[in-house]
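Asks: Pasting input-v2.cif here (mmCIF, C-alpha atoms):
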```
data_structure
#
loop_
_atom_site.group_PDB
_atom_site.id
_atom_site.type_symbol
_atom_site.label_atom_id
_atom_site.label_comp_id
_atom_site.auth_asym_id
_atom_site.auth_seq_id
_atom_site.Cartn_x
_atom_site.Cartn_y
_atom_site.Cartn_z
ATOM 1 C CA GLN L 2 -4.504 -15.927 2.637
ATOM 2 C CA ASP L 3 -7.726 -14.156 1.776
ATOM 3 C CA LEU L 4 -7.610 -11.000 3.902
ATOM 4 C CA SER L 5 -11.354 -10.547 3.528
ATOM 5 C CA SER L 6 -11.653 -13.004 6.414
ATOM 6 C CA THR L 7 -10.289 -10.314 8.779
ATOM 7 C CA GLY L 8 -13.670 -8.588 8.670
ATOM 8 C CA ASP L 9 -12.154 -5.192 7.862
ATOM 9 C CA PRO L 10 -14.328 -3.389 5.259
ATOM 10 C CA ALA L 11 -11.295 -2.068 3.359
ATOM 11 C CA LEU L 12 -10.189 -5.671 2.768
ATOM 12 C CA ALA L 13 -13.599 -7.189 2.043
ATOM 13 C CA LYS L 14 -14.234 -9.013 -1.214
ATOM 14 C CA GLY L 15 -15.189 -6.467 -3.847
ATOM 15 C CA SER L 16 -13.818 -3.519 -1.841
ATOM 16 C CA LEU L 17 -11.283 -2.667 -4.556
ATOM 17 C CA SER L 18 -13.627 -3.154 -7.474
ATOM 18 C CA GLU L 19 -13.232 -0.253 -9.918
ATOM 19 C CA LYS L 20 -10.792 1.560 -7.621
ATOM 20 C CA SER L 21 -7.221 2.648 -8.216
ATOM 21 C CA CYS L 22 -4.415 1.102 -6.176
ATOM 22 C CA LEU L 23 -0.793 2.030 -5.501
ATOM 23 C CA GLU L 24 1.928 -0.033 -3.922
ATOM 24 C CA LEU L 25 4.624 2.203 -2.496
ATOM 25 C CA GLY L 26 8.075 0.639 -2.353
ATOM 26 C CA SER L 27 7.111 -2.544 -4.196
ATOM 27 C CA GLY L 28 10.546 -4.118 -4.236
ATOM 28 C CA CYS L 29 11.385 -6.480 -7.080
ATOM 29 C CA ALA L 30 8.214 -8.577 -6.738
ATOM 30 C CA GLY L 31 5.355 -6.105 -6.255
ATOM 31 C CA LEU L 32 3.376 -8.664 -4.276
ATOM 32 C CA GLY L 33 1.100 -6.126 -2.577
ATOM 33 C CA GLY L 34 0.150 -4.509 -5.873
ATOM 34 C CA LEU L 35 -0.314 -7.853 -7.604
ATOM 35 C CA ALA L 36 -2.537 -9.053 -4.753
ATOM 36 C CA CYS L 37 -4.614 -5.925 -5.332
ATOM 37 C CA ALA L 38 -4.741 -6.692 -9.082
ATOM 38 C CA LEU L 39 -6.472 -9.984 -8.275
ATOM 39 C CA LEU L 40 -9.323 -8.091 -6.588
ATOM 40 C CA GLY L 41 -10.634 -6.267 -9.665
ATOM 41 C CA PRO L 42 -9.488 -2.663 -9.349
ATOM 42 C CA ARG L 43 -9.615 -0.307 -12.326
ATOM 43 C CA LYS L 44 -5.877 0.376 -12.146
ATOM 44 C CA VAL L 45 -2.802 -0.676 -10.157
ATOM 45 C CA VAL L 46 0.528 1.145 -9.955
ATOM 46 C CA VAL L 47 3.511 -0.612 -8.412
ATOM 47 C CA SER L 48 6.456 1.625 -7.653
ATOM 48 C CA ASP L 49 10.033 1.674 -6.496
ATOM 49 C CA VAL L 50 13.347 3.390 -7.203
ATOM 50 C CA ALA L 51 14.833 3.296 -10.720
ATOM 51 C CA SER L 52 17.359 0.543 -9.955
ATOM 52 C CA ILE L 53 14.543 -1.848 -8.960
ATOM 53 C CA THR L 54 11.942 -1.145 -11.670
ATOM 54 C CA PRO L 55 13.429 -3.277 -14.507
ATOM 55 C CA LEU L 56 13.174 -6.471 -12.427
ATOM 56 C CA LEU L 57 9.833 -5.351 -11.016
ATOM 57 C CA ARG L 58 8.515 -4.820 -14.569
ATOM 58 C CA HIS L 59 9.737 -8.292 -15.612
ATOM 59 C CA ASN L 60 8.044 -9.924 -12.614
ATOM 60 C CA VAL L 61 4.762 -8.040 -13.113
ATOM 61 C CA ASP L 62 4.704 -9.035 -16.798
ATOM 62 C CA SER L 63 5.404 -12.676 -15.860
ATOM 63 C CA PHE L 64 2.612 -12.624 -13.285
ATOM 64 C CA LEU L 65 0.085 -11.156 -15.729
ATOM 65 C CA ARG L 66 0.996 -13.741 -18.400
ATOM 66 C CA ALA L 67 0.669 -16.586 -15.872
ATOM 67 C CA ALA L 68 -2.638 -15.242 -14.529
ATOM 68 C CA GLY L 69 -4.107 -15.282 -18.030
ATOM 69 C CA ASP L 70 -7.787 -14.424 -18.193
ATOM 70 C CA ARG L 71 -8.528 -14.967 -14.524
ATOM 71 C CA PRO L 72 -11.918 -13.409 -13.705
ATOM 72 C CA GLY L 73 -11.616 -10.032 -11.985
ATOM 73 C CA LEU L 74 -7.920 -9.633 -12.758
ATOM 74 C CA CYS L 75 -6.835 -6.060 -13.439
ATOM 75 C CA LYS L 76 -4.517 -6.104 -16.459
ATOM 76 C CA ALA L 77 -3.777 -2.370 -16.078
ATOM 77 C CA VAL L 78 -0.754 -2.787 -13.794
ATOM 78 C CA ASN L 79 1.776 -0.013 -14.361
ATOM 79 C CA VAL L 80 5.342 -0.129 -13.073
ATOM 80 C CA MET L 81 6.616 3.328 -12.214
ATOM 81 C CA GLU L 82 9.761 4.837 -10.780
ATOM 82 C CA LEU L 83 9.065 6.591 -7.507
ATOM 83 C CA GLU L 84 11.818 7.818 -5.282
ATOM 84 C CA TRP L 85 9.946 9.279 -2.327
ATOM 85 C CA CYS L 86 9.476 13.046 -2.618
ATOM 86 C CA LYS L 87 11.509 13.312 -5.856
ATOM 87 C CA PRO L 88 9.571 15.955 -7.881
ATOM 88 C CA ASP L 89 9.751 14.317 -11.346
ATOM 89 C CA ASP L 90 8.772 10.884 -10.019
ATOM 90 C CA MET L 91 6.034 12.391 -7.880
ATOM 91 C CA ALA L 92 4.551 14.288 -10.842
ATOM 92 C CA ALA L 93 4.454 11.163 -13.021
ATOM 93 C CA VAL L 94 2.748 9.038 -10.345
ATOM 94 C CA GLN L 95 0.410 11.885 -9.393
ATOM 95 C CA ALA L 96 -0.807 11.965 -13.018
ATOM 96 C CA GLU L 97 -1.985 8.351 -12.525
ATOM 97 C CA GLY L 98 -3.915 9.150 -9.330
ATOM 98 C CA PRO L 99 -5.517 9.933 -7.097
ATOM 99 C CA PHE L 100 -5.386 6.486 -5.534
ATOM 100 C CA ASP L 101 -8.165 4.913 -3.482
ATOM 101 C CA PHE L 102 -6.062 2.231 -1.815
ATOM 102 C CA VAL L 103 -2.334 2.120 -1.043
ATOM 103 C CA VAL L 104 -0.227 -0.804 0.135
ATOM 104 C CA CYS L 105 2.920 -0.092 2.143
ATOM 105 C CA ASN L 106 4.597 -3.426 2.822
ATOM 106 C CA ASP L 107 7.630 -3.484 5.141
ATOM 107 C CA LEU L 108 8.311 0.249 4.782
ATOM 108 C CA LEU L 109 8.226 1.120 8.491
ATOM 109 C CA TYR L 110 11.632 -0.355 9.274
ATOM 110 C CA THR L 111 12.580 2.969 10.856
ATOM 111 C CA PRO L 112 10.247 5.457 12.581
ATOM 112 C CA GLY L 113 11.696 8.254 10.416
ATOM 113 C CA ASN L 114 10.085 6.752 7.312
ATOM 114 C CA ILE L 115 6.578 7.567 8.538
ATOM 115 C CA GLU L 116 6.816 11.308 7.900
ATOM 116 C CA LEU L 117 8.516 10.709 4.531
ATOM 117 C CA ILE L 118 5.803 8.257 3.476
ATOM 118 C CA GLY L 119 3.121 10.739 4.543
ATOM 119 C CA THR L 120 4.750 13.552 2.567
ATOM 120 C CA THR L 121 5.049 11.295 -0.479
ATOM 121 C CA LEU L 122 1.446 10.084 -0.298
ATOM 122 C CA GLN L 123 -0.342 13.354 0.459
ATOM 123 C CA PRO L 124 -0.534 14.583 -3.184
ATOM 124 C CA LEU L 125 -1.328 11.072 -4.466
ATOM 125 C CA LEU L 126 -4.498 10.424 -2.473
ATOM 126 C CA HIS L 127 -8.048 11.655 -2.319
ATOM 127 C CA PRO L 128 -9.851 12.566 0.915
ATOM 128 C CA SER L 129 -10.977 9.055 1.839
ATOM 129 C CA SER L 130 -8.138 6.835 0.642
ATOM 130 C CA ASP L 131 -7.142 3.841 2.745
ATOM 131 C CA ILE L 132 -3.482 2.984 3.325
ATOM 132 C CA LEU L 133 -2.603 -0.539 4.420
ATOM 133 C CA PHE L 134 0.653 -0.729 6.364
ATOM 134 C CA VAL L 135 1.861 -4.313 6.760
ATOM 135 C CA ASP L 136 5.152 -4.779 8.531
ATOM 136 C CA SER L 137 7.219 -7.633 9.859
ATOM 137 C CA THR L 138 9.768 -5.223 11.329
ATOM 138 C CA PHE L 139 7.244 -3.329 13.461
ATOM 139 C CA SER L 140 8.715 -2.215 16.775
ATOM 140 C CA TYR L 141 7.390 -0.322 19.756
ATOM 141 C CA SER L 142 9.133 2.874 18.567
ATOM 142 C CA THR L 143 7.642 2.497 15.085
ATOM 143 C CA GLU L 144 4.178 1.861 16.500
ATOM 144 C CA LYS L 145 4.495 4.937 18.707
ATOM 145 C CA ALA L 146 5.706 7.078 15.764
ATOM 146 C CA LEU L 147 2.865 5.872 13.501
ATOM 147 C CA LYS L 148 0.262 6.634 16.186
ATOM 148 C CA ALA L 149 1.772 10.089 16.752
ATOM 149 C CA PHE L 150 1.752 10.804 12.997
ATOM 150 C CA VAL L 151 -1.872 9.698 12.652
ATOM 151 C CA GLU L 152 -2.918 11.821 15.626
ATOM 152 C CA ALA L 153 -0.934 14.910 14.529
ATOM 153 C CA LYS L 154 -2.397 14.769 11.019
ATOM 154 C CA GLY L 155 -5.955 14.141 12.185
ATOM 155 C CA LEU L 156 -6.181 10.814 10.356
ATOM 156 C CA GLY L 157 -8.149 7.708 11.213
ATOM 157 C CA SER L 158 -6.475 4.367 11.891
ATOM 158 C CA ARG L 159 -7.391 0.888 12.953
ATOM 159 C CA GLU L 160 -5.569 -2.360 13.509
ATOM 160 C CA VAL L 161 -6.414 -5.160 11.102
ATOM 161 C CA PRO L 162 -7.751 -8.068 13.149
ATOM 162 C CA THR L 163 -5.799 -11.186 12.330
ATOM 163 C CA GLU L 164 -7.422 -13.643 14.712
ATOM 164 C CA SER L 165 -9.653 -14.983 11.957
ATOM 165 C CA LEU L 166 -6.741 -15.808 9.638
ATOM 166 C CA ASP L 167 -5.530 -19.378 9.363
ATOM 167 C CA ALA L 168 -2.981 -20.145 12.076
ATOM 168 C CA ALA L 169 -0.310 -20.681 9.408
ATOM 169 C CA ASP L 170 -0.854 -17.115 8.183
ATOM 170 C CA ARG L 171 -0.600 -15.455 11.596
ATOM 171 C CA HIS L 172 2.657 -14.372 13.161
ATOM 172 C CA GLU L 173 3.192 -12.239 16.217
ATOM 173 C CA GLY L 174 5.819 -10.193 14.361
ATOM 174 C CA ILE L 175 3.512 -9.169 11.516
ATOM 175 C CA HIS L 176 1.490 -6.075 12.161
ATOM 176 C CA ALA L 177 -1.184 -4.557 9.904
ATOM 177 C CA THR L 178 -2.777 -1.124 10.256
ATOM 178 C CA ILE L 179 -5.151 0.736 7.962
ATOM 179 C CA VAL L 180 -4.847 4.517 7.959
ATOM 180 C CA THR L 181 -7.696 6.489 6.406
ATOM 181 C CA TRP L 182 -6.694 9.739 4.774
ATOM 182 C CA ARG L 183 -9.281 12.345 5.662
ATOM 183 C CA GLN L 184 -10.334 15.554 3.992
ATOM 184 C CA GLY L 185 -8.958 18.596 5.794
ATOM 185 C CA LEU L 186 -5.655 16.900 6.532
ATOM 186 C CA GLN L 187 -3.712 18.965 9.010
ATOM 187 C CA GLY L 188 -0.173 20.251 8.348
#
```
Mind turning the file's structure into structure tokens?

Replies:
Amino acid sequence: QDLSSTGDPALAKGSLSEKSCLELGSGCAGLGGLACALLGPRKVVVSDVASITPLLRHNVDSFLRAAGDRPGLCKAVNVMELEWCKPDDMAAVQAEGPFDFVVCNDLLYTPGNIELIGTTLQPLLHPSSDILFVDSTFSYSTEKALKAFVEAKGLGSREVPTESLDAADRHEGIHATIVTWRQGLQG
């Protein structure tokens, strides 16, 4: 589904043009990062723990070969090891940033991950980065924890409207929120 139909400016066609994108916790497929690559950013980094990155690298390479010379495709897709808050991994990914847009797909499976994700992302972003959280495991406790984190850190957030998506692409269990990292981030 083309998320530009949601009407959210961060997901509009051309919104990633010449920007840098990071997918945190890409899994073996890196679908969020590869979706970003189709939208013409300058650079994409897909990341996960060391045990996942060989398969992730294989799948990214296969995708880029299959996509060929598709117009707007970013060929600069880097696969990087990133164990959240691990200093060596953080330094390597930080050298690729800062990132304008981050995808966090199905990472909020426990409310405790929110603070860890925030700590991991803080040095990787610039003052107006957008973070797209998409989760199929979103619960009331996770929603409450995300809202509390956003409020405590002085961040902006908004729900991604899904009413305009095709009915086949909507599901009551899938929740999408964009958090805007703001300059002067608190504690």

Asks: Which of these residues is nearest to Ala177 in chain L, using only C-alpha atoms: L:Glu97, L:Asp136, L:Asp131, L:Glu144?

Replies: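 Among L:Glu97, L:Asp136, L:Asp131, L:Glu144, it is L:Asp136 that comes nearest to Ala177 in chain L.
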
Asks: Quick one: which range 92-117 of chain L residues come within 10 Å of range 47-68 of chain L, and what is the nearest atom pair for each with the distance in Å to one decimal, counting all atoms listed in the file, rows ordered by chain and ascending number, as a Markdown table?

Replies:
```
| residue | atom | partner | partner_atom | distance |
| --- | --- | --- | --- | --- |
| L:Val94 | CA | L:Ser48 | CA | 8.7 |
| L:Val103 | CA | L:Val47 | CA | 9.8 |
| L:Val104 | CA | L:Val47 | CA | 9.3 |
```

Asks: For Leu109 in chain L, which of L:Thr181, L:Cys37, L:Arg43, L:Ala146 is the closest residue, counting only C-alpha atoms?

Replies: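 When distances to Leu109 in chain L are compared using only C-alpha atoms, the smallest one comes from L:Ala146.
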
Asks: Excluding Ser158 in chain L and any residue of its chain fewer than 4 positions from it, enumerate the residues within 7 Å of it, using only C-alpha atoms, and give them as a compact mmCIF listing (two decimals) with C-alpha atoms, in the frame of the given file.

Replies:
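Result saved to selection-v3.txt:
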```txt
# COMPACT_ATOMS: atom_id res chain seq x y z
CA THR L 178 -2.78 -1.12 10.26
CA ILE L 179 -5.15 0.74 7.96
CA VAL L 180 -4.85 4.52 7.96
CA THR L 181 -7.70 6.49 6.41
```

Asks: Record the distance separating CA of Lys44 in chain L and CA of Asn79 in chain L, expressed in Å with one decimal.

Replies: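 A separation of 8.0 Å between them.
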
Asks: How many Å separate CA of Phe134 in chain L from CA of Gly119 in chain L?

Replies: 11.9 Å

Asks: Write out as a PyMOL selection string which residues come within 10 Å of Cys86 in chain L when counting only C-alpha atoms, dropping same-chain ones fewer than 3 positions away.

Replies: chain L and resi 83+89-92+117-122

Asks: If you keep C-alpha atoms, can you produce a file of those selected residues as a JSON list (two decimals), keeping the file's coordinate frame?

Replies:
```json
[["chain", "number", "residue", "atom", "x", "y", "z"],
["L", 83, "LEU", "CA", 9.06, 6.59, -7.51],
["L", 89, "ASP", "CA", 9.75, 14.32, -11.35],
["L", 90, "ASP", "CA", 8.77, 10.88, -10.02],
["L", 91, "MET", "CA", 6.03, 12.39, -7.88],
["L", 92, "ALA", "CA", 4.55, 14.29, -10.84],
["L", 117, "LEU", "CA", 8.52, 10.71, 4.53],
["L", 118, "ILE", "CA", 5.80, 8.26, 3.48],
["L", 119, "GLY", "CA", 3.12, 10.74, 4.54],
["L", 120, "THR", "CA", 4.75, 13.55, 2.57],
["L", 121, "THR", "CA", 5.05, 11.30, -0.48],
["L", 122, "LEU", "CA", 1.45, 10.08, -0.30]]
```

Asks: Check the smallest atom-to-atom distance from each of L:Pro112, L:Asp70, L:Ala96, L:Ile132 to Glu24 in chain L using only C-alpha atoms, then report the winner.

Replies: L:Ile132

Asks: Can you work out which one of L:Gln95, L:Val161, L:Leu39, L:Gln123 has the shortest atom-to-atom distance to Ser16 in chain L, counting only C-alpha atoms?

Replies: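 Among L:Gln95, L:Val161, L:Leu39, L:Gln123, it is L:Leu39 that comes nearest to Ser16 in chain L.
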
Asks: Quick check on the file I pasted: which residues fall under the PyMOL selection byres ((chain L and resi 18) around 10)? Write them as a list in words.

Replies: Lys14, Gly15, Ser16, Leu17, Glu19, Lys20, Ser21, Cys37, Ala38, Leu39, Leu40, Gly41, Pro42, Arg43, Lys44, Gly73 and Cys75 of chain L

Asks: Can you tell me how far CA of Phe100 in chain L sits from CA of Gly34 in chain L, in Å to one decimal?

Replies: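 Rounded to one decimal, the two atoms are 12.3 Å apart.
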
Asks: Need the neighbours of (0.1, 6.4, 10.9): which residues are at most 6 Å away, counting all atoms listed in the file, as an MDAnalysis selection string?

Replies: chainID L and resid 147:148 150:151

Asks: Could you save the residues just selected, with C-alpha atoms, as a PDB file, keeping the file's coordinate frame?

Replies:
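Saved to out.pdb:
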```
ATOM      1  CA  LEU L 147       2.865   5.872  13.501  1.00  0.00           C
ATOM      2  CA  LYS L 148       0.262   6.634  16.186  1.00  0.00           C
ATOM      3  CA  PHE L 150       1.752  10.804  12.997  1.00  0.00           C
ATOM      4  CA  VAL L 151      -1.872   9.698  12.652  1.00  0.00           C
TER       5      VAL L 151
END
```

Asks: Determine the nearest neighbour of Leu126 in chain L from the options L:Leu74, L:Ala168, L:Cys22, L:Trp85, counting only C-alpha atoms.

Replies: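 For Leu126 in chain L, the nearest of the given residues is L:Cys22.
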
Asks: Pick out the closest residue to Glu160 in chain L from this set: L:Val80, L:Ser137, L:His176, L:Ser130. Count only C-alpha atoms.

Replies: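 Ranking L:Val80, L:Ser137, L:His176, L:Ser130 by distance to Glu160 in chain L, first place goes to L:His176.
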
Asks: Do you know which residues the PyMOL selection byres ((chain L and resi 111) around 9) returns on this file, as a list in words?

Replies: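 Evaluating the PyMOL selection byres ((chain L and resi 111) around 9) on these coordinates yields Leu108, Leu109, Tyr110, Pro112, Gly113, Asn114, Ile115, Thr138, Phe139, Ser140, Ser142 and Thr143 of chain L.
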
Asks: Please produce range 113-124 of chain L, completed to all heavy atoms, as a PDB file, in the coordinates of the input.

Replies:
```
ATOM      1  N   GLY L 113      11.528   7.078  11.267  1.00  0.00           N
ATOM      2  CA  GLY L 113      11.696   8.254  10.416  1.00  0.00           C
ATOM      3  C   GLY L 113      11.024   8.140   9.062  1.00  0.00           C
ATOM      4  O   GLY L 113      10.755   9.154   8.405  1.00  0.00           O
ATOM      5  N   ASN L 114      10.739   6.931   8.613  1.00  0.00           N
ATOM      6  CA  ASN L 114      10.085   6.752   7.312  1.00  0.00           C
ATOM      7  C   ASN L 114       8.634   7.221   7.314  1.00  0.00           C
ATOM      8  O   ASN L 114       8.076   7.522   6.265  1.00  0.00           O
ATOM      9  CB  ASN L 114      10.115   5.285   6.885  1.00  0.00           C
ATOM     10  CG  ASN L 114      11.416   4.908   6.244  1.00  0.00           C
ATOM     11  OD1 ASN L 114      12.329   5.709   6.131  1.00  0.00           O
ATOM     12  ND2 ASN L 114      11.519   3.657   5.824  1.00  0.00           N
ATOM     13  N   ILE L 115       8.006   7.262   8.472  1.00  0.00           N
ATOM     14  CA  ILE L 115       6.578   7.567   8.538  1.00  0.00           C
ATOM     15  C   ILE L 115       6.285   8.953   7.979  1.00  0.00           C
ATOM     16  O   ILE L 115       5.384   9.124   7.150  1.00  0.00           O
ATOM     17  CB  ILE L 115       6.053   7.389   9.976  1.00  0.00           C
ATOM     18  CG1 ILE L 115       6.153   5.910  10.369  1.00  0.00           C
ATOM     19  CG2 ILE L 115       4.621   7.898  10.100  1.00  0.00           C
ATOM     20  CD1 ILE L 115       5.968   5.635  11.827  1.00  0.00           C
ATOM     21  N   GLU L 116       7.026   9.942   8.392  1.00  0.00           N
ATOM     22  CA  GLU L 116       6.816  11.308   7.900  1.00  0.00           C
ATOM     23  C   GLU L 116       7.111  11.386   6.402  1.00  0.00           C
ATOM     24  O   GLU L 116       6.388  12.040   5.650  1.00  0.00           O
ATOM     25  CB  GLU L 116       7.698  12.289   8.679  1.00  0.00           C
ATOM     26  CG  GLU L 116       7.373  13.737   8.433  1.00  0.00           C
ATOM     27  CD  GLU L 116       6.030  14.165   9.008  1.00  0.00           C
ATOM     28  OE1 GLU L 116       5.680  13.771  10.127  1.00  0.00           O
ATOM     29  OE2 GLU L 116       5.317  14.917   8.310  1.00  0.00           O
ATOM     30  N   LEU L 117       8.159  10.714   5.956  1.00  0.00           N
ATOM     31  CA  LEU L 117       8.516  10.709   4.531  1.00  0.00           C
ATOM     32  C   LEU L 117       7.434  10.036   3.691  1.00  0.00           C
ATOM     33  O   LEU L 117       7.071  10.527   2.617  1.00  0.00           O
ATOM     34  CB  LEU L 117       9.866   9.998   4.353  1.00  0.00           C
ATOM     35  CG  LEU L 117      10.498  10.027   2.976  1.00  0.00           C
ATOM     36  CD1 LEU L 117      10.698  11.449   2.480  1.00  0.00           C
ATOM     37  CD2 LEU L 117      11.836   9.296   3.019  1.00  0.00           C
ATOM     38  N   ILE L 118       6.899   8.943   4.175  1.00  0.00           N
ATOM     39  CA  ILE L 118       5.803   8.257   3.476  1.00  0.00           C
ATOM     40  C   ILE L 118       4.582   9.174   3.405  1.00  0.00           C
ATOM     41  O   ILE L 118       3.948   9.305   2.364  1.00  0.00           O
ATOM     42  CB  ILE L 118       5.467   6.913   4.169  1.00  0.00           C
ATOM     43  CG1 ILE L 118       6.604   5.911   3.963  1.00  0.00           C
ATOM     44  CG2 ILE L 118       4.141   6.348   3.646  1.00  0.00           C
ATOM     45  CD1 ILE L 118       6.506   4.684   4.850  1.00  0.00           C
ATOM     46  N   GLY L 119       4.260   9.823   4.523  1.00  0.00           N
ATOM     47  CA  GLY L 119       3.121  10.739   4.543  1.00  0.00           C
ATOM     48  C   GLY L 119       3.281  11.882   3.555  1.00  0.00           C
ATOM     49  O   GLY L 119       2.349  12.235   2.828  1.00  0.00           O
ATOM     50  N   THR L 120       4.470  12.457   3.501  1.00  0.00           N
ATOM     51  CA  THR L 120       4.750  13.552   2.567  1.00  0.00           C
ATOM     52  C   THR L 120       4.646  13.067   1.127  1.00  0.00           C
ATOM     53  O   THR L 120       4.121  13.776   0.260  1.00  0.00           O
ATOM     54  CB  THR L 120       6.156  14.131   2.838  1.00  0.00           C
ATOM     55  OG1 THR L 120       6.201  14.602   4.182  1.00  0.00           O
ATOM     56  CG2 THR L 120       6.476  15.266   1.890  1.00  0.00           C
ATOM     57  N   THR L 121       5.125  11.866   0.872  1.00  0.00           N
ATOM     58  CA  THR L 121       5.049  11.295  -0.479  1.00  0.00           C
ATOM     59  C   THR L 121       3.601  11.034  -0.875  1.00  0.00           C
ATOM     60  O   THR L 121       3.190  11.342  -1.989  1.00  0.00           O
ATOM     61  CB  THR L 121       5.864   9.983  -0.553  1.00  0.00           C
ATOM     62  OG1 THR L 121       7.226  10.276  -0.249  1.00  0.00           O
ATOM     63  CG2 THR L 121       5.763   9.341  -1.920  1.00  0.00           C
ATOM     64  N   LEU L 122       2.810  10.482   0.041  1.00  0.00           N
ATOM     65  CA  LEU L 122       1.446  10.084  -0.298  1.00  0.00           C
ATOM     66  C   LEU L 122       0.453  11.239  -0.386  1.00  0.00           C
ATOM     67  O   LEU L 122      -0.510  11.161  -1.147  1.00  0.00           O
ATOM     68  CB  LEU L 122       0.931   9.053   0.706  1.00  0.00           C
ATOM     69  CG  LEU L 122       1.560   7.670   0.612  1.00  0.00           C
ATOM     70  CD1 LEU L 122       0.995   6.771   1.710  1.00  0.00           C
ATOM     71  CD2 LEU L 122       1.342   7.056  -0.761  1.00  0.00           C
ATOM     72  N   GLN L 123       0.668  12.289   0.369  1.00  0.00           N
ATOM     73  CA  GLN L 123      -0.342  13.354   0.459  1.00  0.00           C
ATOM     74  C   GLN L 123      -0.850  13.821  -0.908  1.00  0.00           C
ATOM     75  O   GLN L 123      -2.063  13.889  -1.115  1.00  0.00           O
ATOM     76  CB  GLN L 123       0.167  14.532   1.279  1.00  0.00           C
ATOM     77  CG  GLN L 123      -0.918  15.558   1.524  1.00  0.00           C
ATOM     78  CD  GLN L 123      -0.547  16.560   2.596  1.00  0.00           C
ATOM     79  OE1 GLN L 123       0.514  16.488   3.196  1.00  0.00           O
ATOM     80  NE2 GLN L 123      -1.430  17.489   2.843  1.00  0.00           N
ATOM     81  N   PRO L 124       0.002  14.125  -1.896  1.00  0.00           N
ATOM     82  CA  PRO L 124      -0.534  14.583  -3.184  1.00  0.00           C
ATOM     83  C   PRO L 124      -1.079  13.460  -4.071  1.00  0.00           C
ATOM     84  O   PRO L 124      -1.639  13.728  -5.129  1.00  0.00           O
ATOM     85  CB  PRO L 124       0.668  15.264  -3.844  1.00  0.00           C
ATOM     86  CG  PRO L 124       1.856  14.611  -3.235  1.00  0.00           C
ATOM     87  CD  PRO L 124       1.456  14.245  -1.832  1.00  0.00           C
TER      88      PRO L 124
END
```
